[in-house]
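Visitor: Input structure: run-v1.txt, which contains compact mmCIF, C-alpha atoms.
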```
# COMPACT_ATOMS: atom_id res chain seq x y z
CA MET R 1 0.00 0.00 0.00
CA GLY R 2 2.93 2.31 0.71
CA GLU R 3 2.22 6.01 1.23
CA LEU R 4 -1.44 5.58 0.22
CA ALA R 5 -2.00 3.78 3.54
CA LYS R 6 -1.98 7.23 5.16
CA ASN R 7 -5.07 8.28 3.17
CA SER R 8 -8.37 7.16 4.71
CA SER R 9 -10.07 7.05 1.29
CA VAL R 10 -8.24 3.87 0.27
CA TYR R 11 -10.01 1.88 2.98
CA GLY R 12 -13.45 2.45 1.44
CA PRO R 13 -16.47 4.44 2.61
CA GLN R 14 -17.93 1.64 4.74
CA THR R 15 -15.02 1.65 7.17
CA ASN R 16 -15.57 5.18 8.50
CA ALA R 17 -11.77 5.25 8.84
CA TYR R 18 -9.58 7.89 10.42
CA VAL R 19 -5.81 7.71 9.94
CA LEU R 20 -3.71 8.74 12.95
CA LYS R 21 -0.06 9.77 12.85
CA HIS R 22 2.43 7.87 14.95
CA LEU R 23 2.81 9.32 18.46
CA GLU R 24 0.29 12.10 17.88
CA VAL R 25 -1.88 13.09 20.84
CA VAL R 26 -5.47 12.44 19.81
CA GLU R 27 -8.55 13.98 21.41
CA ILE R 28 -11.98 12.66 20.52
CA VAL R 29 -15.26 14.26 21.52
CA ILE R 30 -18.28 11.97 21.54
CA ASN R 31 -21.60 13.82 21.61
CA ASN R 32 -24.78 12.12 22.72
CA PRO R 33 -27.87 14.12 21.73
CA ALA R 34 -30.06 11.05 22.37
CA ILE R 35 -32.34 10.17 25.27
CA GLU R 36 -30.36 7.03 26.17
CA ASP R 37 -26.83 6.46 27.44
CA HIS R 38 -24.17 5.00 25.13
CA THR R 39 -21.22 2.90 26.23
CA PHE R 40 -18.22 3.24 23.90
CA HIS R 41 -15.34 0.77 23.77
CA PHE R 42 -11.86 1.64 22.51
CA HIS R 43 -9.84 -1.26 21.12
CA GLY R 44 -6.05 -0.92 21.24
CA HIS R 45 -5.93 1.86 23.82
CA ASN R 46 -6.88 3.06 27.22
CA VAL R 47 -7.96 6.69 27.03
CA GLN R 48 -7.88 9.53 29.51
CA VAL R 49 -11.27 11.04 30.28
CA ILE R 50 -10.56 14.77 29.98
CA GLU R 51 -13.98 16.40 30.17
CA THR R 52 -17.68 15.65 30.38
CA GLY R 53 -20.65 17.94 30.26
CA PRO R 54 -24.00 18.74 28.73
CA PHE R 55 -24.42 18.37 24.98
CA GLY R 56 -24.86 21.78 23.38
CA SER R 57 -23.95 25.17 24.74
CA SER R 58 -27.21 26.12 26.45
CA SER R 59 -27.85 23.17 28.75
CA THR R 60 -29.66 24.12 31.95
CA ILE R 61 -31.38 22.43 34.87
CA ASN R 62 -34.09 24.50 36.59
CA GLY R 63 -32.80 27.55 34.73
CA GLN R 64 -29.24 27.13 36.00
CA PRO R 65 -26.36 26.34 33.61
CA VAL R 66 -24.98 22.83 33.95
CA PRO R 67 -21.20 22.95 34.45
CA HIS R 68 -18.66 21.06 32.43
CA ILE R 69 -16.57 18.72 34.52
CA LEU R 70 -12.83 18.80 33.83
CA SER R 71 -10.71 15.86 34.82
CA GLY R 72 -8.14 17.60 36.98
CA PRO R 73 -4.40 16.91 36.92
CA TRP R 74 -4.71 13.08 36.92
CA PRO R 75 -7.38 11.98 34.45
CA MET R 76 -8.73 8.46 34.86
CA TRP R 77 -7.78 5.87 32.26
CA ARG R 78 -10.43 3.64 30.66
CA ASP R 79 -10.95 1.46 27.59
CA THR R 80 -14.72 1.86 27.91
CA VAL R 81 -16.59 5.08 28.66
CA GLN R 82 -20.23 5.89 29.17
CA VAL R 83 -21.67 8.94 27.45
CA ARG R 84 -24.83 9.85 29.30
CA ALA R 85 -27.99 11.05 27.59
CA PHE R 86 -27.71 14.64 26.35
CA GLU R 87 -24.04 14.87 27.35
CA PHE R 88 -20.62 14.73 25.73
CA ILE R 89 -17.29 13.27 26.74
CA ARG R 90 -13.79 14.27 25.64
CA VAL R 91 -11.07 11.63 25.75
CA ARG R 92 -7.36 11.72 24.96
CA PHE R 93 -4.71 9.16 24.08
CA ARG R 94 -1.31 8.97 22.44
CA ALA R 95 -1.17 7.10 19.12
CA ASP R 96 1.64 4.82 20.21
CA ASN R 97 0.19 1.43 19.24
CA PRO R 98 0.33 1.04 15.43
CA GLY R 99 -2.57 -1.02 14.15
CA VAL R 100 -6.18 -0.96 13.07
CA TRP R 101 -8.44 -0.32 16.05
CA PHE R 102 -12.21 -0.26 16.42
CA LEU R 103 -14.09 2.37 18.46
CA HIS R 104 -17.76 1.50 18.82
CA CYS R 105 -20.93 1.74 20.84
CA HIS R 106 -21.55 -1.42 22.84
CA LEU R 107 -25.24 -1.53 21.92
CA ALA R 108 -25.24 -3.89 18.96
CA VAL R 109 -28.09 -2.20 17.11
CA HIS R 110 -26.26 1.13 17.32
CA MET R 111 -23.01 -0.41 16.09
CA TYR R 112 -24.87 -2.03 13.17
CA ASN R 113 -26.35 1.36 12.34
CA GLY R 114 -22.90 2.91 12.09
CA LEU R 115 -22.10 4.21 15.57
CA ALA R 116 -18.49 3.10 15.14
CA VAL R 117 -15.23 4.20 13.56
CA VAL R 118 -12.01 2.50 12.54
CA LEU R 119 -8.83 4.17 13.78
CA ILE R 120 -5.94 3.31 11.47
CA GLU R 121 -2.97 4.16 13.60
CA ALA R 122 0.45 4.83 12.11
CA PRO R 123 -0.02 2.69 8.97
CA ASP R 124 3.46 3.66 7.76
CA VAL R 125 5.04 2.35 10.98
CA LEU R 126 2.81 -0.73 10.89
CA GLN R 127 4.05 -1.57 7.37
CA GLN R 128 7.66 -1.35 8.56
CA ARG R 129 7.23 -3.38 11.74
CA GLN R 130 4.69 -6.04 10.95
CA SER R 131 4.65 -8.85 8.46
CA VAL R 132 1.82 -11.27 7.85
CA PRO R 133 2.81 -14.92 8.27
CA GLU R 134 2.78 -16.82 4.98
CA ALA R 135 0.26 -19.32 6.39
CA MET R 136 -2.21 -16.46 6.92
CA VAL R 137 -1.64 -15.13 3.38
CA GLU R 138 -2.28 -18.60 1.97
CA MET R 139 -5.46 -18.98 4.03
CA CYS R 140 -6.78 -15.67 2.65
CA LYS R 141 -5.90 -16.67 -0.92
CA ARG R 142 -7.77 -19.99 -0.55
CA GLN R 143 -10.87 -18.03 0.49
CA GLY R 144 -10.55 -15.48 -2.31
CA ILE R 145 -9.67 -12.66 0.09
CA HIS R 146 -7.29 -10.04 -1.25
CA THR R 147 -4.00 -9.72 0.60
CA GLN R 148 -2.77 -6.56 -1.10
CA GLY R 149 -4.22 -3.27 -2.28
CA ASN R 150 -6.91 -0.97 -0.95
CA GLY R 151 -10.22 -1.83 0.74
CA ALA R 152 -11.43 -3.48 -2.47
CA GLY R 153 -8.13 -5.26 -3.14
CA ASN R 154 -7.31 -2.90 -6.02
CA GLN R 155 -4.53 -0.39 -6.54
CA GLY R 156 -4.78 3.30 -5.66
CA PHE R 157 -8.24 4.76 -5.23
CA ASP R 158 -10.04 2.23 -7.46
CA LEU R 159 -12.73 0.89 -5.13
CA SER R 160 -14.64 -1.02 -7.80
CA GLY R 161 -15.79 -4.40 -6.56
CA LEU R 162 -16.05 -3.21 -2.97
CA PRO R 163 -18.86 -5.13 -1.25
CA PRO R 164 -21.98 -3.11 -0.48
CA ALA R 165 -22.45 -1.77 3.03
CA VAL R 166 -24.11 -4.10 5.51
CA TYR R 167 -27.39 -2.83 6.90
CA PRO R 168 -29.35 -4.37 9.78
CA PRO R 169 -32.61 -6.09 8.95
CA SER R 170 -35.58 -3.73 9.01
```
Go ahead and express the file in the form of structure tokens.
Guide:
Amino acid sequence: MGELAKNSSVYGPQTNAYVLKHLEVVEIVINNPAIEDHTFHFHGHNVQVIETGPFGSSSTINGQPVPHILSGPWPMWRDTVQVRAFEFIRVRFRADNPGVWFLHCHLAVHMYNGLAVVLIEAPDVLQQRQSVPEAMVEMCKRQGIHTQGNGAGNQGFDLSGLPPAVYPPS
């Protein structure tokens, strides 16, 4: 894949991919404008919970503004966080674990409906450090799974032949 691995477009639109640079400090804000809580799980990292607060800038209870809660000097570390109804959470981590990591809501129906992202962390470093065992390559080939190329197994930005998105049953 080479340098193209740093471009999220080569992974295809269904992945909802974000490419992270090696050792960059990443902050993610998860907003929850819904009436129910959401539990989010981070694969590949523990994150620091930096801030929580009401979703939107005019949140009030009984006419009084609801304060944002900052973490203080020693933020807690978690791999799973709960984003309460009508609130947001800000988390932070250092991109020091090259790989492809999933961040998703733990409610299956929400995950199926797209409440998930793929964090592609330091793909350039990953290509230098990791090799796929030949037995795994052979197993993919026997199943007709591409072992090189972009999300569709093609070169460059040619995504022809990419499988359609998966949608939950209605």
Visitor: Between R:Val117, R:Glu51, R:Ala5, R:Gly12, which is the closest to Gly161 (chain R) once you count all atoms listed in the file?
Guide: R:Gly12
Visitor: Neighbouring residues of region 104-107 of chain R were defined as those with any atom within 12 Å, considering only C-alpha atoms; residues of the same chain fewer than 3 positions away were excluded. Please report them as a ChimeraX atom specification.
Guide: /R:15-16,30,32,36-43,79-83,101,110-119
Visitor: When you draw a straight line from CA of Ile120 (chain R) to CA of Pro98 (chain R), how long is it in Å?
Guide: 7.8 Å
Visitor: Tell me, as a VMD selection string, which residues lie within 8 Å of Arg90 (chain R), counting all atoms listed in the file; anything in the same chain fewer than 3 positions away does not count.
Guide: chain R and resid 27 to 30 49 to 52
Visitor: Keeping C-alpha atoms, export the residues of the selection given above as a short mmCIF file (atom, residue, chain, number, x, y, z; two decimals), in the coordinates of the input.
Guide:
```cif
data_model
loop_
_atom_site.label_atom_id
_atom_site.label_comp_id
_atom_site.auth_asym_id
_atom_site.auth_seq_id
_atom_site.Cartn_x
_atom_site.Cartn_y
_atom_site.Cartn_z
CA GLU R 27 -8.55 13.98 21.41
CA ILE R 28 -11.98 12.66 20.52
CA VAL R 29 -15.26 14.26 21.52
CA ILE R 30 -18.28 11.97 21.54
CA VAL R 49 -11.27 11.04 30.28
CA ILE R 50 -10.56 14.77 29.98
CA GLU R 51 -13.98 16.40 30.17
CA THR R 52 -17.68 15.65 30.38
#
```
Visitor: If I take CA of Phe55 (chain R) and CA of Ile89 (chain R), how far is one from the other in Å, to one decimal?
Guide: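 Value for the CA of Phe55 (chain R)-CA of Ile89 (chain R) distance: 8.9 Å.
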Visitor: Might you pull out every residue within 8 Å of Asp96 (chain R), with all atoms listed in the file counted and same-chain residues fewer than 4 positions away left off, and present them as a ChimeraX atom specification?
Guide: /R:22-24
Visitor: Return the padded bounding box of region 28-45 of chain R as lines of an AutoDock Vina configuration file: axis-aligned, built from all atoms listed in the file, 3 Å added on each side, with centre and edge lengths in Å to one decimal.
Guide:
```
center_x = -19.1
center_y = 6.5
center_z = 24.0
size_x = 32.4
size_y = 21.5
size_z = 12.9
```
Visitor: So, counting only C-alpha atoms, which residue among R:Val100, R:Ile69, R:Leu126, R:Leu4 is closest to Gly149 (chain R)?
Guide: R:Leu4
Visitor: Could you tell me how far CA of Val25 (chain R) lies from CA of Val132 (chain R), in Å and to one decimal?
Guide: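 Calculated distance between CA of Val25 (chain R) and CA of Val132 (chain R) is 27.9 Å.
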Visitor: Show me, as a tab-separated table (two decimals) with C-alpha atoms, in the frame of the given file, the residues that have an atom within 8 Å of Phe157 (chain R) when counting all atoms listed in the file, minus same-chain residues fewer than 6 positions from it.
Guide:
```tsv
chain	number	residue	atom	x	y	z
R	9	SER	CA	-10.07	7.05	1.29
R	10	VAL	CA	-8.24	3.87	0.27
R	150	ASN	CA	-6.91	-0.97	-0.95
```
Visitor: Would you please work out which residue, of R:Met76, R:Ala152, R:Ala85, R:Val137, is nearest to Pro54 (chain R) when using all atoms listed in the file?
Guide: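 Answer, going by the shortest atom-to-atom distance: R:Ala85.
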